[in-house]
$ cat final-v9.tsv   # TSV, C-alpha atoms and all ligand atoms
chain	number	residue	atom	x	y	z
G	1	MET	CA	126.45	143.48	61.17
G	2	ALA	CA	126.86	141.91	64.59
G	3	GLY	CA	123.05	141.72	64.86
G	4	SER	CA	122.61	139.81	61.60
G	5	LEU	CA	125.46	137.44	62.57
G	6	THR	CA	123.68	136.67	65.86
G	7	PHE	CA	120.46	136.09	63.88
G	8	VAL	CA	122.22	133.70	61.49
G	9	LEU	CA	123.60	131.72	64.44
G	10	ILE	CA	120.54	131.75	66.67
G	11	VAL	CA	117.86	130.75	64.14
G	12	PRO	CA	119.44	127.37	63.22
G	13	LEU	CA	120.17	126.74	66.91
G	14	VAL	CA	116.54	127.34	67.89
G	15	LEU	CA	115.42	125.09	65.02
G	16	ILE	CA	117.77	122.29	66.13
G	17	ILE	CA	116.49	122.53	69.71
G	18	LEU	CA	112.86	122.45	68.50
G	19	ILE	CA	113.48	119.39	66.31
G	20	TYR	CA	115.23	117.67	69.23
G	21	ILE	CA	112.29	118.38	71.60
G	22	ILE	CA	109.72	117.09	69.10
G	23	PHE	CA	111.79	113.96	68.39
G	24	ALA	CA	112.34	113.20	72.10
G	25	ASP	CA	108.64	113.68	72.82
G	26	GLN	CA	107.63	111.25	70.05
G	27	LYS	CA	110.12	108.70	71.32
G	28	LYS	CA	108.71	109.01	74.86
G	29	LYS	CA	105.15	108.63	73.56
G	30	LYS	CA	106.11	105.48	71.61
G	31	ARG	CA	107.79	103.98	74.70
G	32	ARG	CA	104.71	104.71	76.82
G	33	GLU	CA	102.49	103.00	74.22
G	34	GLU	CA	104.78	99.94	74.13
G	35	GLU	CA	104.82	99.71	77.95
G	36	GLY	CA	101.02	99.99	78.02
G	37	ALA	CA	100.61	97.14	75.53
G	38	TYR	CA	103.13	95.06	77.53
G	39	GLN	CA	101.20	95.50	80.79
G	40	ASN	CA	97.84	95.02	79.08
G	41	SER	CA	98.97	91.61	77.84
G	42	ASP	CA	99.21	90.45	81.52
G	43	PHE	CA	95.76	91.82	82.16
G	44	VAL	CA	94.25	90.06	79.14
G	45	GLU	CA	95.86	86.77	80.25
G	46	LEU	CA	94.39	87.17	83.74
G	47	TRP	CA	90.87	87.73	82.47
G	48	LYS	CA	91.11	84.69	80.19
G	49	LEU	CA	91.55	82.46	83.26
G	50	LYS	CA	87.86	82.67	84.25
G	51	ILE	CA	88.63	83.06	87.94
G	52	SER	CA	86.61	85.47	90.07
G	53	ALA	CA	87.00	89.17	89.28
G	54	LYS	CA	88.23	89.70	92.84
G	55	SER	CA	91.07	87.20	92.36
G	56	ALA	CA	92.03	88.64	88.98
G	57	VAL	CA	92.16	92.15	90.47
G	58	PHE	CA	94.25	90.86	93.38
G	59	ALA	CA	96.75	89.25	90.96
G	60	TRP	CA	96.85	92.39	88.83
G	61	ARG	CA	97.61	94.52	91.89
G	62	LEU	CA	100.36	92.13	92.97
G	63	ILE	CA	101.94	92.12	89.50
G	64	ARG	CA	101.93	95.92	89.51
G	65	ASP	CA	103.15	95.97	93.14
G	66	SER	CA	100.26	98.14	94.27
G	67	LEU	CA	99.02	96.01	97.21
G	68	PRO	CA	99.16	97.81	100.58
G	69	THR	CA	102.34	96.06	101.76
G	70	LYS	CA	104.16	97.82	104.60
G	71	SER	CA	106.85	98.98	102.20
G	72	ASN	CA	104.24	100.52	99.85
G	73	LEU	CA	102.45	102.18	102.80
G	74	ARG	CA	105.73	103.63	104.06
G	75	ARG	CA	106.34	105.03	100.58
G	76	ARG	CA	102.94	106.72	100.82
G	77	GLN	CA	104.00	108.32	104.14
G	78	VAL	CA	101.66	106.13	106.24
G	79	MET	CA	102.81	105.91	109.89
G	80	LEU	CA	103.60	102.28	110.83
G	81	THR	CA	104.76	100.67	114.06
G	82	ASP	CA	107.10	98.41	112.09
G	83	THR	CA	107.85	97.56	108.46
G	84	LEU	CA	108.93	93.95	109.06
G	85	CYS	CA	107.65	90.91	107.19
G	86	PRO	CA	105.11	89.25	109.52
G	87	PHE	CA	106.30	85.76	108.49
G	88	CYS	CA	110.03	85.99	109.31
G	89	LYS	CA	110.11	89.30	111.23
G	90	ILE	CA	113.61	89.93	109.81
G	91	GLU	CA	113.30	91.51	106.37
G	92	GLU	CA	111.20	94.48	105.29
G	93	GLU	CA	107.74	93.54	104.08
G	94	GLU	CA	107.83	94.30	100.37
G	95	ALA	CA	105.96	92.23	97.76
G	96	THR	CA	108.82	90.17	96.29
G	97	HIS	CA	110.04	89.18	99.75
G	98	LEU	CA	106.62	88.53	101.28
G	99	PHE	CA	105.18	86.48	98.42
G	100	PHE	CA	108.25	84.67	97.05
G	101	ASN	CA	111.60	85.02	98.79
G	102	CYS	CA	110.77	84.90	102.51
G	103	THR	CA	112.43	81.88	104.14
G	104	ASN	CA	108.99	80.74	105.34
G	105	ILE	CA	107.35	81.04	101.91
G	106	LEU	CA	110.10	79.82	99.60
G	107	PRO	CA	109.76	76.11	100.58
G	108	ILE	CA	106.06	76.23	99.60
G	109	TRP	CA	106.97	77.39	96.08
G	110	TRP	CA	109.68	74.72	95.87
G	111	GLU	CA	107.19	72.07	96.84
G	112	SER	CA	104.70	73.20	94.22
G	113	LEU	CA	107.43	73.45	91.57
G	114	SER	CA	108.24	69.80	92.27
G	115	TRP	CA	104.70	68.87	91.12
G	116	VAL	CA	105.65	70.03	87.63
G	117	ASN	CA	109.34	69.01	87.84
G	118	LEU	CA	110.58	72.59	87.69
G	119	THR	CA	113.24	74.53	89.53
G	120	THR	CA	113.39	78.29	89.50
G	121	ALA	CA	115.71	81.14	90.37
G	122	LEU	CA	114.60	83.77	92.87
G	123	PRO	CA	112.45	86.32	91.04
G	124	GLN	CA	113.37	89.99	90.98
G	125	ASN	CA	109.76	91.13	91.05
G	126	PRO	CA	106.21	89.67	91.10
G	127	ARG	CA	105.74	90.04	87.34
G	128	ASP	CA	108.82	87.89	86.58
G	129	HIS	CA	107.54	85.22	88.93
G	130	PHE	CA	104.11	85.34	87.31
G	131	LEU	CA	105.72	84.91	83.88
G	132	GLN	CA	107.71	81.94	85.16
G	133	HIS	CA	104.36	80.25	85.67
G	134	GLY	CA	103.85	80.17	81.93
G	135	ILE	CA	101.42	83.00	81.33
G	136	GLY	CA	101.00	83.43	77.59
G	137	LYS	CA	102.94	80.32	76.63
G	138	ASP	CA	100.50	77.45	76.74
G	139	HIS	CA	96.73	77.33	76.86
G	140	GLY	CA	96.14	73.62	77.63
G	141	LYS	CA	94.07	72.49	80.63
G	142	LYS	CA	97.05	71.70	82.89
G	143	ALA	CA	98.84	74.92	81.87
G	144	THR	CA	95.74	76.92	82.83
G	145	ARG	CA	95.60	75.15	86.19
G	146	TRP	CA	99.27	76.02	86.74
G	147	LYS	CA	98.65	79.72	86.02
G	148	CYS	CA	95.69	79.64	88.41
G	149	TRP	CA	97.90	78.00	91.03
G	150	TRP	CA	100.13	81.08	91.08
G	151	ILE	CA	97.08	83.23	91.87
G	152	ALA	CA	95.60	80.77	94.40
G	153	LEU	CA	98.87	80.54	96.33
G	154	THR	CA	99.67	84.27	96.30
G	155	ARG	CA	96.09	85.07	97.33
G	156	THR	CA	96.30	82.58	100.23
G	157	ILE	CA	99.68	84.04	101.28
G	158	TRP	CA	98.06	87.49	101.41
G	159	GLN	CA	95.11	86.19	103.47
G	160	HIS	CA	97.47	84.53	105.94
G	161	ARG	CA	99.56	87.69	106.12
G	162	ASN	CA	96.41	89.71	106.93
G	163	LYS	CA	95.42	87.25	109.65
G	164	ILE	CA	98.81	87.70	111.31
G	165	VAL	CA	98.90	91.50	110.91
G	166	PHE	CA	95.29	92.28	111.86
G	167	GLN	CA	94.20	89.34	114.04
G	168	ASN	CA	97.42	88.46	115.82
G	169	GLY	CA	97.61	85.06	114.10
G	170	SER	CA	100.80	83.03	113.81
G	171	PHE	CA	102.49	81.57	110.75
G	172	ASP	CA	101.49	78.04	109.79
G	173	GLY	CA	103.08	76.97	106.49
G	174	SER	CA	101.24	73.66	106.17
G	175	LYS	CA	97.85	75.31	106.83
G	176	LEU	CA	98.72	77.94	104.20
G	177	LEU	CA	99.52	75.25	101.63
G	178	ASP	CA	96.36	73.26	102.50
G	179	ASP	CA	94.20	76.38	102.10
G	180	ALA	CA	95.76	77.18	98.71
G	181	VAL	CA	95.29	73.57	97.52
G	182	LEU	CA	91.60	73.75	98.53
G	183	LEU	CA	91.18	77.10	96.75
G	184	ILE	CA	92.67	75.87	93.47
G	185	TRP	CA	90.49	72.72	93.68
G	186	THR	CA	87.31	74.85	93.95
G	187	TRP	CA	88.46	76.93	90.97
G	188	VAL	CA	89.27	73.89	88.81
G	189	LYS	CA	85.89	72.38	89.74
G	190	SER	CA	84.04	75.46	88.52
G	191	MET	CA	86.27	75.97	85.44
G	192	GLU	CA	86.29	72.43	84.05
G	193	LYS	CA	82.88	70.85	83.38
G	194	ASP	CA	84.25	67.29	83.28
G	195	PHE	CA	86.28	67.61	86.50
G	196	VAL	CA	85.06	65.00	89.02
G	197	VAL	CA	88.14	64.48	91.23
G	198	HIS	CA	87.28	64.36	94.94
G	199	PHE	CA	89.22	66.78	97.14
G	200	ASN	CA	91.04	64.00	99.06
G	201	GLN	CA	92.20	62.45	95.81
G	202	TRP	CA	93.23	65.88	94.45
G	203	SER	CA	95.23	66.90	97.53
G	204	SER	CA	97.04	63.57	97.82
G	205	ASN	CA	98.14	63.53	94.17
G	206	LEU	CA	99.00	67.09	93.18
G	207	LYS	CA	101.62	65.99	90.63
G	208	GLU	CA	98.82	64.34	88.67
G	209	GLY	CA	96.73	67.52	88.87
G	210	PHE	CA	99.33	69.81	87.35
G	211	SER	CA	101.98	67.99	85.32
G	212	ASN	CA	101.41	67.00	81.71
D	301	ZN	ZN	109.88	87.29	105.61

$ encode --input "final-v9.tsv" --output "structure tokens" --more "lines below"
Ligand SMILES: [Zn+2]
Amino acid sequence: MAGSLTFVLIVPLVLIILIYIIFADQKKKKRREEEGAYQNSDFVELWKLKISAKSAVFAWRLIRDSLPTKSNLRRRQVMLTDTLCPFCKIEEEEATHLFFNCTNILPIWWESLSWVNLTTALPQNPRDHFLQHGIGKDHGKKATRWKCWWIALTRTIWQHRNKIVFQNGSFDGSKLLDDAVLLIWTWVKSMEKDFVVHFNQWSSNLKEGFSN
């Protein structure tokens, strides 16, 4: 009698647990699929920009926070002499700080935002910042330039960072901005067939180059 009572209680319980496991697994699978599609949309946008594959891969790695920043290396148990941002030497070098929020870098973003009459809040992560630059919203010529600007500036920031870390260079904000302005000019020149603006004209009137 006791045995059949246990059977009557246990069978439905096992069934309920099984149904719960199957349901939770399906829910997890659906969430993974949704996240995949969400991240793929960034990737598709990047490839549409017709910049070099190397630059698109760089931007993709930054958006996914997989660049070898000191904070990412530390997480991978790599031995480091210090984890400080090479620009300010105060905060830890993690992507959002290094590329966007560092006191040395922030004024460069503010300056470029003034070309398109925008102000922005500090981003929480690289992807948010990328999205603030209009990825997926507009596909006009100036909008495309603006998306490319995000990549040109972040890529130049990373090159300057590497020069300081590996070649003992020092921070030079105006050189960084000049290099990024030159890089975006070479990209626009190769992307737009009818683009004939000389570099001097381009660099002295950036508002004209980006705003609608
Ligand atoms: Zn810093």

$ closest_residue --input "final-v9.tsv" --among "G:Trp187, G:Phe171, G:Phe130, G:Tyr20" --to "ligand ZN 301 (chain D)" --atoms "all atoms listed in the file"
G:Phe171

$ residues_around --input "final-v9.tsv" --residues "G:Ser71" --least-positions-apart "2" --cutoff "12 Å" --atoms "all atoms listed in the file" --output "list of chain:residue names"
G:Asp65, G:Ser66, G:Leu67, G:Pro68, G:Thr69, G:Leu73, G:Arg74, G:Arg75, G:Arg76, G:Gln77, G:Val78, G:Met79, G:Leu80, G:Asp82, G:Thr83, G:Leu84, G:Cys85, G:Glu91, G:Glu92, G:Glu93, G:Glu94, G:Ala95, G:Thr96, G:His97, G:Leu98

$ atom_distance --input "final-v9.tsv" --atom1 "atom CA of G:Asp128" --atom2 "atom CA of G:Phe100"
11.0 Å

$ atom_distance --input "final-v9.tsv" --atom1 "atom CA of G:Leu15" --atom2 "atom CA of G:Lys28"
20.0 Å

$ atom_distance --input "final-v9.tsv" --atom1 "atom CA of G:His160" --atom2 "atom CA of G:Thr103"
15.3 Å

$ build_atoms --input "final-v9.tsv" --residues "stretch 71-102 of chain G" --atoms "N, CA and C atoms" --output "mmCIF file, keeping the file's coordinate frame"
data_model
loop_
_atom_site.group_PDB
_atom_site.id
_atom_site.type_symbol
_atom_site.label_atom_id
_atom_site.label_comp_id
_atom_site.auth_asym_id
_atom_site.auth_seq_id
_atom_site.Cartn_x
_atom_site.Cartn_y
_atom_site.Cartn_z
ATOM 1 N N SER G 71 105.898 98.155 102.941
ATOM 2 C CA SER G 71 106.850 98.980 102.200
ATOM 3 C C SER G 71 106.133 99.997 101.297
ATOM 4 N N ASN G 72 105.011 99.576 100.676
ATOM 5 C CA ASN G 72 104.240 100.520 99.850
ATOM 6 C C ASN G 72 103.566 101.589 100.716
ATOM 7 N N LEU G 73 103.097 101.203 101.904
ATOM 8 C CA LEU G 73 102.450 102.180 102.800
ATOM 9 C C LEU G 73 103.475 103.214 103.277
ATOM 10 N N ARG G 74 104.667 102.708 103.597
ATOM 11 C CA ARG G 74 105.730 103.630 104.060
ATOM 12 C C ARG G 74 106.044 104.644 102.954
ATOM 13 N N ARG G 75 106.078 104.144 101.714
ATOM 14 C CA ARG G 75 106.340 105.030 100.580
ATOM 15 C C ARG G 75 105.262 106.104 100.451
ATOM 16 N N ARG G 76 104.036 105.743 100.877
ATOM 17 C CA ARG G 76 102.940 106.720 100.820
ATOM 18 C C ARG G 76 102.845 107.534 102.109
ATOM 19 N N GLN G 77 103.901 107.511 102.904
ATOM 20 C CA GLN G 77 104.000 108.320 104.140
ATOM 21 C C GLN G 77 103.014 107.880 105.217
ATOM 22 N N VAL G 78 102.564 106.621 105.191
ATOM 23 C CA VAL G 78 101.660 106.130 106.240
ATOM 24 C C VAL G 78 102.512 105.770 107.463
ATOM 25 N N MET G 79 102.067 106.206 108.658
ATOM 26 C CA MET G 79 102.810 105.910 109.890
ATOM 27 C C MET G 79 102.608 104.433 110.265
ATOM 28 N N LEU G 80 103.697 103.701 110.492
ATOM 29 C CA LEU G 80 103.600 102.280 110.830
ATOM 30 C C LEU G 80 104.426 101.986 112.085
ATOM 31 N N THR G 81 103.972 101.011 112.875
ATOM 32 C CA THR G 81 104.760 100.670 114.060
ATOM 33 C C THR G 81 106.016 99.892 113.667
ATOM 34 N N ASP G 82 105.901 99.064 112.635
ATOM 35 C CA ASP G 82 107.100 98.410 112.090
ATOM 36 C C ASP G 82 106.883 98.095 110.616
ATOM 37 N N THR G 83 107.970 97.856 109.904
ATOM 38 C CA THR G 83 107.850 97.560 108.460
ATOM 39 C C THR G 83 108.294 96.126 108.177
ATOM 40 N N LEU G 84 108.382 95.303 109.233
ATOM 41 C CA LEU G 84 108.930 93.950 109.060
ATOM 42 C C LEU G 84 107.914 92.972 108.464
ATOM 43 N N CYS G 85 108.453 91.997 107.740
ATOM 44 C CA CYS G 85 107.650 90.910 107.190
ATOM 45 C C CYS G 85 107.045 90.134 108.367
ATOM 46 N N PRO G 86 105.724 89.926 108.387
ATOM 47 C CA PRO G 86 105.110 89.250 109.520
ATOM 48 C C PRO G 86 105.433 87.753 109.591
ATOM 49 N N PHE G 87 105.966 87.183 108.499
ATOM 50 C CA PHE G 87 106.300 85.760 108.490
ATOM 51 C C PHE G 87 107.652 85.487 109.153
ATOM 52 N N CYS G 88 108.689 86.249 108.772
ATOM 53 C CA CYS G 88 110.030 85.990 109.310
ATOM 54 C C CYS G 88 110.452 87.030 110.348
ATOM 55 N N LYS G 89 109.812 88.175 110.318
ATOM 56 C CA LYS G 89 110.110 89.300 111.230
ATOM 57 C C LYS G 89 111.584 89.734 111.154
ATOM 58 N N ILE G 90 112.204 89.535 109.983
ATOM 59 C CA ILE G 90 113.610 89.930 109.810
ATOM 60 C C ILE G 90 113.726 90.969 108.694
ATOM 61 N N GLU G 91 113.175 90.632 107.538
ATOM 62 C CA GLU G 91 113.300 91.510 106.370
ATOM 63 C C GLU G 91 112.126 92.486 106.320
ATOM 64 N N GLU G 92 112.314 93.545 105.484
ATOM 65 C CA GLU G 92 111.200 94.480 105.290
ATOM 66 C C GLU G 92 110.102 93.799 104.479
ATOM 67 N N GLU G 93 108.849 94.145 104.807
ATOM 68 C CA GLU G 93 107.740 93.540 104.080
ATOM 69 C C GLU G 93 107.501 94.283 102.761
ATOM 70 N N GLU G 94 108.161 93.807 101.720
ATOM 71 C CA GLU G 94 107.830 94.300 100.370
ATOM 72 C C GLU G 94 107.394 93.075 99.559
ATOM 73 N N ALA G 95 106.670 93.320 98.451
ATOM 74 C CA ALA G 95 105.960 92.230 97.760
ATOM 75 C C ALA G 95 106.853 91.042 97.386
ATOM 76 N N THR G 96 107.997 91.293 96.759
ATOM 77 C CA THR G 96 108.820 90.170 96.290
ATOM 78 C C THR G 96 109.290 89.311 97.458
ATOM 79 N N HIS G 97 109.633 89.952 98.567
ATOM 80 C CA HIS G 97 110.040 89.180 99.750
ATOM 81 C C HIS G 97 108.858 88.401 100.323
ATOM 82 N N LEU G 98 107.770 89.126 100.597
ATOM 83 C CA LEU G 98 106.620 88.530 101.280
ATOM 84 C C LEU G 98 106.032 87.342 100.511
ATOM 85 N N PHE G 99 105.872 87.504 99.199
ATOM 86 C CA PHE G 99 105.180 86.480 98.420
ATOM 87 C C PHE G 99 106.099 85.366 97.891
ATOM 88 N N PHE G 100 107.397 85.665 97.740
ATOM 89 C CA PHE G 100 108.250 84.670 97.050
ATOM 90 C C PHE G 100 109.533 84.308 97.793
ATOM 91 N N ASN G 101 110.254 85.302 98.307
ATOM 92 C CA ASN G 101 111.600 85.020 98.790
ATOM 93 C C ASN G 101 111.732 84.814 100.284
ATOM 94 N N CYS G 102 110.700 85.074 101.053
ATOM 95 C CA CYS G 102 110.770 84.900 102.510
ATOM 96 C C CYS G 102 111.134 83.447 102.827
#
